[in-house]
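Chemist: The structure follows.
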Amino acid sequence: MSFITAFGDRVFVASGDLIRTFRIGDDEGMTPLISWSELNPERIQKPSFEAEKDLKAVDKRVILCLAHSNMIAAHGRRLVAVGTNEKQIHVFEYFIDNNSKIVKAEHIVTSVVPKAPTAIVFDREDAYVVVGDRSGDVHRFSVLNGSAIEMAGAISMILDVAFSPDGKRLLMADRDEKVRAMRYPSTYVIDAYCLGHTEYVKTLAIQDNDTVWSSGGDKNLHMWSIANCSKPRRTIDLSEWEAPVRKISINVAHKKIAVLFEKKDKMIVVDLETDPAATQSVTILNESECLDVTSTGHYFIVLGRSTITVINLLTMLQATFPIDDELNAVLSATKDAVDNLFKNVTHNNQLEYEKRKAEKFEQIEQKRRRLNNQEPSTS
Amino acid sequence: MIVIYIFTVLNMDVDPVNTEMELDNKPTCETVPGLPQKKHYRQRAHSNPHSDHDIEYPLTPDHMDWSKQYGDYAAGRQVEFADIGCGYGGLLMRLSPMFPETLMIGMEIRVKVSDYVNEKIQALRKHHEGAGHYRNIAVLRSNAMKYMPNYFRKGQLSKMFFLFPDPHFKNKKHKWRIITPTLVSEYAYVLREQGLIYTITDVKDLHDWMVKHLNEHPLFERLSDDEMKADPVVAMLYESTEEGQKVTRNDGEKWPAVFRRLPNPPL
C-alpha cells in the first residue's frame, strides 16, 4: 500500500513502513517524518475490545492508510495519522519553524483497531481520527488519549471515509456498492444511502456540504446530493479507460477531479465546469503505474511506482520530485492489502439448489409411479 | 433459537372440521393441495452473512419490482412489515389475515427455507384464490444485514420482526447477531417514526443483549408491559413460528420485547 496526502505545500508519502515528507518547490528533498524507534511505549493504548485481545504480530509493518489533520482552528495541531497491518493507528505531531521547516516530530498516541484499517480521516476539529475497517465497522479514536468508540458499521468492507467540510456529516463508501451519509458525531442517524453504483465504491471526494463524488469498480463517477440522493445528480462515464477507478481527488478551487485507474499509467482530469464534463488524459512522465493522487493549492500530486509528480493546474506542466533509493525500492514492490475487490461468488447456491430440488422431486414422483404400477399386480 | 431439525409429522392432527375452516392456522397437504412438505426442505440452521452469496438485490428501492412477489396486489401498495430471518414463515401466515391490506415480506438467507416459504404461500394463495387471501405476504431470499437499504426507502417500514434469531453464543460471534448497535441504526433508517421492532427469543442472554442495545440506542424506546398487552401482534410472537412451538413443547421460556422508533433529534 502506498499513499500520498498534502497540507498546504507540505506533502506526505507513506509506503510499506516508510513515511516521507517534502515541500513542493523545496530543493532540500525528502525527509523521513519520524523513525518507528521513536514510538513512546507509554502512549500505546491497550485494546479496549473484548474480542481479539492479542495484538497482531506481523513480520513487517505495512501502512494501510494515511491522513493529515485539518487545522481549521488557529491553534490547530499538525498531525499525521497512519493505520497499519498490526491493527494499530499511530498519530504523530510535527512542528515547523518560520521557514516551514520541520524542527521536531513526535509520537502522540497509538490506538488499537479490532480489524485491519482500510481508510482514515481526521474529524473537522482534529479531536478524533475516524477509521473504517475491513469487517465493515467505523470507529473513532481520541487524538488525546487513544480511546475508541464504535461509530457505525454493517458487514460491508469499508473502502473510504470522508467528512463534509462543516464536519457535520460522515460519509463512508463500501464494497457493497453503497455510499452512506451519517450525522456526526450522532452517527446513529443515517441520513442517506446513495445507491447507484453497480460495483464496489472505492473512493470519495467531497465538493461541499451537500455534494459528494464517488467512484470505483463500475468505472462511473457519480455526483450525489446528500439531501436528495435517490439517484445521482451527475454521472461521468469513465469506461473508455477500461479499468476500475482506483482513486479520485477533487481540487475544489479549480473545480477539477483527478482520476486514477487500477494498474494504469495515466491520470484523467475531469473539468466539472463543463457539461458534459470535459476529460483530459494526462500521461505521467516516466511512470508505469499510478498509485495515489492528492490535491493541494494549484496542484495535483501523483504517487507512482517510481515517481512523485507535481502537476500544476494552471499550466498542466509536470515536475518530478526526486525520491530516495529506500522509498524507491518499497514503492516498486508495494502491493494492495486487498488484491481484488470485486465480488467473489464461488458457487451459485440458488441455481444448484433448484437443480437438486428438481432432481429430488423427480425421484419422489418416479417412486410414487413405481408404487402405483406395482399395486395392481401385488393385490 | 433457529434449530430446525424437527421431524414433525405435518399431517398428524388432521381434523375434518378444520378443512372447512377458511383460514386454518395449521394447513396441511391434505387440506391445502400443493402445500410443500417440510421434510423436503430441511436445512442447517446457519448461514454465513459475511460471505459473498449469489443474492440478487435491486440497485435501489425504485428498481425493486414487487409484482414478482405480490402480483397485481403490489400495485398502489408498498411493503410495510418485514420479518427478518422469517424461517418457515409462520408469523407471516398468521399476520396475513390480521392486516389483509398491508404488504409483508419475509427475509430469509437460507435458499431451501425461503423456497419452502414461497411454495407454501403459493399453495395457500391458490387454495384461497376466490377469497383472495395470502396475497399480501411473500418471501425474499436475501441478506438483511447487507442489503436492507436496497429494498426499502427511508422510513418505509412500520413494523420489523426479529423472532428467535440466531443466538451466536460465543463472545467472538456477538457482532454477527442481528441486533447490534450499528445494525439498529440501519433498522432505524428503514423504519418510520412510531414504527415498531418486535423481538422474541428463548435465550435469556440474547434477550438481555437485544434489550440492552435497543434501549441504549437513541432512536428507540421500549414499550411498557401495558403497551405490549394492548398490541394484538405481540400475542402472535409466541406460537406462530416453528421455533416458538418447539420451545413450548420443551416447556421453555420465551422473552418478547418491543421497541418504538423515536423521531430523529433536530440537526
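A note on labels: chains of the C-alpha cells are A, B, ... as shown, every chain counts residues from 1, and ligands are counted from 1 in their shown order.
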Near Gly195 (chain B), within 6 Å and counting only C-alpha atoms, which residues show up once chain neighbours fewer than 2 positions away are dropped, as a PyMOL selection string?
Modeler: chain B and resi 158-159+191-193+260-261
Chemist: Store the residues of this selection in a file with N, CA and C atoms, as a PDB file, in the first residue's frame.
Modeler:
ATOM      1  N   SER B 158     -43.246   0.008   8.832  1.00  0.00           N
ATOM      2  CA  SER B 158     -43.899   0.350  10.101  1.00  0.00           C
ATOM      3  C   SER B 158     -43.668  -0.723  11.158  1.00  0.00           C
ATOM      4  N   LYS B 159     -43.345  -1.942  10.727  1.00  0.00           N
ATOM      5  CA  LYS B 159     -43.030  -2.992  11.701  1.00  0.00           C
ATOM      6  C   LYS B 159     -41.877  -3.848  11.182  1.00  0.00           C
ATOM      7  N   LEU B 191     -37.181   2.231   9.198  1.00  0.00           N
ATOM      8  CA  LEU B 191     -38.420   2.310   9.990  1.00  0.00           C
ATOM      9  C   LEU B 191     -38.899   3.750  10.073  1.00  0.00           C
ATOM     10  N   ARG B 192     -40.219   3.939   9.972  1.00  0.00           N
ATOM     11  CA  ARG B 192     -40.762   5.285  10.146  1.00  0.00           C
ATOM     12  C   ARG B 192     -40.863   5.615  11.635  1.00  0.00           C
ATOM     13  N   GLU B 193     -41.041   6.895  11.936  1.00  0.00           N
ATOM     14  CA  GLU B 193     -41.266   7.298  13.331  1.00  0.00           C
ATOM     15  C   GLU B 193     -42.485   6.563  13.848  1.00  0.00           C
ATOM     16  N   ARG B 260     -40.121   1.159  20.105  1.00  0.00           N
ATOM     17  CA  ARG B 260     -40.708   2.158  19.217  1.00  0.00           C
ATOM     18  C   ARG B 260     -39.621   3.067  18.658  1.00  0.00           C
ATOM     19  N   ARG B 261     -39.756   3.361  17.357  1.00  0.00           N
ATOM     20  CA  ARG B 261     -38.814   4.266  16.689  1.00  0.00           C
ATOM     21  C   ARG B 261     -39.153   5.700  17.083  1.00  0.00           C
TER      22      ARG B 261
END
Chemist: Mind checking which residues fall within 10 Å of region 319-324 of chain A, counting only C-alpha atoms, ignoring those fewer than 4 positions away in the same chain, and posting them as a list in words?
Modeler: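 The residues satisfying every condition are Arg20, Phe22, Arg23, Ile24, Gly25, Asp26, Asp27, Gly29, Met30, Thr31, Ile284, Leu285, Asn286, Ile301, Val302, Leu303, Ser306, Thr307, Ile308, Thr309, Val310, Ile311, Asn312, Asn328 and Ala329 of chain A.
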Chemist: Given the selection you just returned, output its residues as a file containing N, CA and C atoms, formatted as a compact mmCIF listing (two decimals), in the first residue's frame.
Modeler:
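New file out-v8.txt:
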# COMPACT_ATOMS: atom_id res chain seq x y z
N ARG A 20 7.49 9.61 4.45
CA ARG A 20 8.39 10.65 3.97
C ARG A 20 7.61 11.95 3.82
N PHE A 22 7.98 16.16 2.16
CA PHE A 22 8.75 17.18 1.44
C PHE A 22 7.83 18.37 1.18
N ARG A 23 8.45 19.47 0.75
CA ARG A 23 7.66 20.64 0.38
C ARG A 23 7.74 20.87 -1.11
N ILE A 24 6.60 21.22 -1.69
CA ILE A 24 6.58 21.50 -3.12
C ILE A 24 7.50 22.69 -3.38
N GLY A 25 8.41 22.54 -4.33
CA GLY A 25 9.30 23.63 -4.69
C GLY A 25 10.49 23.79 -3.76
N ASP A 26 10.66 22.86 -2.86
CA ASP A 26 11.79 22.94 -1.93
C ASP A 26 12.92 22.06 -2.45
N ASP A 27 14.14 22.59 -2.52
CA ASP A 27 15.26 21.79 -3.05
C ASP A 27 15.80 20.81 -2.02
N GLY A 29 14.66 18.40 -0.64
CA GLY A 29 14.33 17.00 -0.89
C GLY A 29 13.50 16.40 0.22
N MET A 30 13.48 15.07 0.22
CA MET A 30 12.56 14.33 1.04
C MET A 30 13.22 13.92 2.35
N THR A 31 12.45 13.97 3.45
CA THR A 31 13.00 13.52 4.73
C THR A 31 12.01 12.55 5.38
N ILE A 284 1.65 10.41 -17.10
CA ILE A 284 2.66 10.79 -16.11
C ILE A 284 4.03 10.37 -16.65
N LEU A 285 4.96 11.32 -16.69
CA LEU A 285 6.27 11.07 -17.28
C LEU A 285 7.03 9.98 -16.53
N ASN A 286 7.62 9.06 -17.28
CA ASN A 286 8.48 8.01 -16.72
C ASN A 286 7.78 7.14 -15.67
N ILE A 301 -0.94 16.04 -7.04
CA ILE A 301 0.34 15.36 -6.86
C ILE A 301 0.10 13.87 -6.96
N VAL A 302 0.81 13.24 -7.87
CA VAL A 302 0.58 11.83 -8.18
C VAL A 302 1.75 10.99 -7.66
N LEU A 303 1.39 9.95 -6.92
CA LEU A 303 2.40 8.99 -6.47
C LEU A 303 2.32 7.77 -7.38
N SER A 306 7.38 4.57 -9.30
CA SER A 306 8.78 5.01 -9.23
C SER A 306 8.93 6.53 -9.20
N THR A 307 7.81 7.26 -9.19
CA THR A 307 7.92 8.72 -9.27
C THR A 307 6.91 9.41 -8.37
N ILE A 308 7.23 10.66 -8.04
CA ILE A 308 6.23 11.57 -7.47
C ILE A 308 6.17 12.76 -8.41
N THR A 309 4.98 13.05 -8.91
CA THR A 309 4.84 14.08 -9.94
C THR A 309 3.89 15.16 -9.46
N VAL A 310 4.37 16.40 -9.51
CA VAL A 310 3.53 17.54 -9.14
C VAL A 310 3.00 18.16 -10.43
N ILE A 311 1.69 18.22 -10.55
CA ILE A 311 1.08 18.76 -11.77
C ILE A 311 0.47 20.12 -11.43
N ASN A 312 0.94 21.14 -12.10
CA ASN A 312 0.44 22.49 -11.88
C ASN A 312 -0.86 22.66 -12.67
N ASN A 328 12.15 4.25 -3.14
CA ASN A 328 12.02 3.71 -4.49
C ASN A 328 11.84 2.19 -4.46
N ALA A 329 12.66 1.54 -3.64
CA ALA A 329 12.59 0.08 -3.55
C ALA A 329 11.24 -0.37 -3.00
Chemist: May I have a table of the residues of chain B lying at most 8 Å from chain A, giving each one's closest pair of atoms and their distance in Å to one decimal, counting only C-alpha atoms, ordered by chain and ascending residue number, as a Markdown table?
Modeler:
| residue | atom | partner | partner_atom | distance |
| --- | --- | --- | --- | --- |
| B:His50 | CA | A:Ile155 | CA | 6.5 |
| B:Asp52 | CA | A:Val345 | CA | 5.3 |
| B:His53 | CA | A:Val345 | CA | 5.9 |
| B:Asp54 | CA | A:Asn348 | CA | 5.6 |
| B:Leu59 | CA | A:Gly196 | CA | 6.0 |
| B:Thr60 | CA | A:Leu195 | CA | 5.8 |
| B:Val111 | CA | A:Gln350 | CA | 6.3 |
| B:Lys112 | CA | A:Tyr353 | CA | 7.3 |
| B:Met145 | CA | A:Ile155 | CA | 6.8 |
| B:Lys146 | CA | A:Ile155 | CA | 6.3 |
| B:Pro149 | CA | A:Tyr193 | CA | 7.1 |
| B:Asn150 | CA | A:Leu195 | CA | 7.6 |
| B:Lys154 | CA | A:Ala192 | CA | 7.8 |
| B:Asn171 | CA | A:Ala51 | CA | 7.1 |
| B:Lys172 | CA | A:Ala51 | CA | 5.6 |
| B:Thr182 | CA | A:Ala152 | CA | 5.1 |
| B:Leu183 | CA | A:Ala154 | CA | 6.1 |
| B:Ser185 | CA | A:Tyr188 | CA | 5.1 |
| B:Glu186 | CA | A:Ile190 | CA | 7.2 |
| B:Ala188 | CA | A:Val189 | CA | 7.8 |
| B:Tyr189 | CA | A:Ile190 | CA | 6.1 |
| B:His217 | CA | A:Tyr188 | CA | 7.9 |
| B:Pro218 | CA | A:Tyr188 | CA | 7.7 |
| B:Leu219 | CA | A:Tyr188 | CA | 7.8 |
| B:Asn264 | CA | A:Val189 | CA | 6.9 |
Chemist: Could you find all residues in region 136-354 of chain A that DSSP calls helix (DSSP H, G or I) from the backbone, and write them as number ranges by chain?
Modeler: A: 239-241, 325-333, 349-354
Chemist: Just C-alpha atoms for this one: save the residues we selected as a compact mmCIF listing (two decimals), in the first residue's frame.
Modeler:
# COMPACT_ATOMS: atom_id res chain seq x y z
CA SER A 239 -15.43 3.21 -19.01
CA GLU A 240 -13.42 4.24 -22.09
CA TRP A 241 -10.27 3.90 -19.94
CA ASP A 325 16.54 4.71 -3.02
CA GLU A 326 14.89 3.20 0.02
CA LEU A 327 11.48 4.64 -0.86
CA ASN A 328 12.02 3.71 -4.49
CA ALA A 329 12.59 0.08 -3.55
CA VAL A 330 9.48 -0.06 -1.37
CA LEU A 331 7.30 1.67 -3.95
CA SER A 332 8.30 -0.69 -6.72
CA ALA A 333 7.35 -3.70 -4.57
CA ASN A 349 -26.47 -21.65 -4.24
CA GLN A 350 -29.74 -20.70 -5.83
CA LEU A 351 -29.14 -22.45 -9.16
CA GLU A 352 -27.56 -25.51 -7.56
CA TYR A 353 -30.48 -25.74 -5.20
CA GLU A 354 -33.08 -25.53 -7.93
Chemist: What's the 8 Å shell around Trp224 (chain A), counting only C-alpha atoms, without same-chain residues fewer than 2 positions away, as a count of residues only?
Modeler: 13
Chemist: Nearest to Val247 (chain B) among B:Leu95, B:Leu124, B:Val184, B:Val203, with distances taken over only C-alpha atoms: which residue is it?
Modeler: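 Closest residue, counting only C-alpha atoms: B:Val203.
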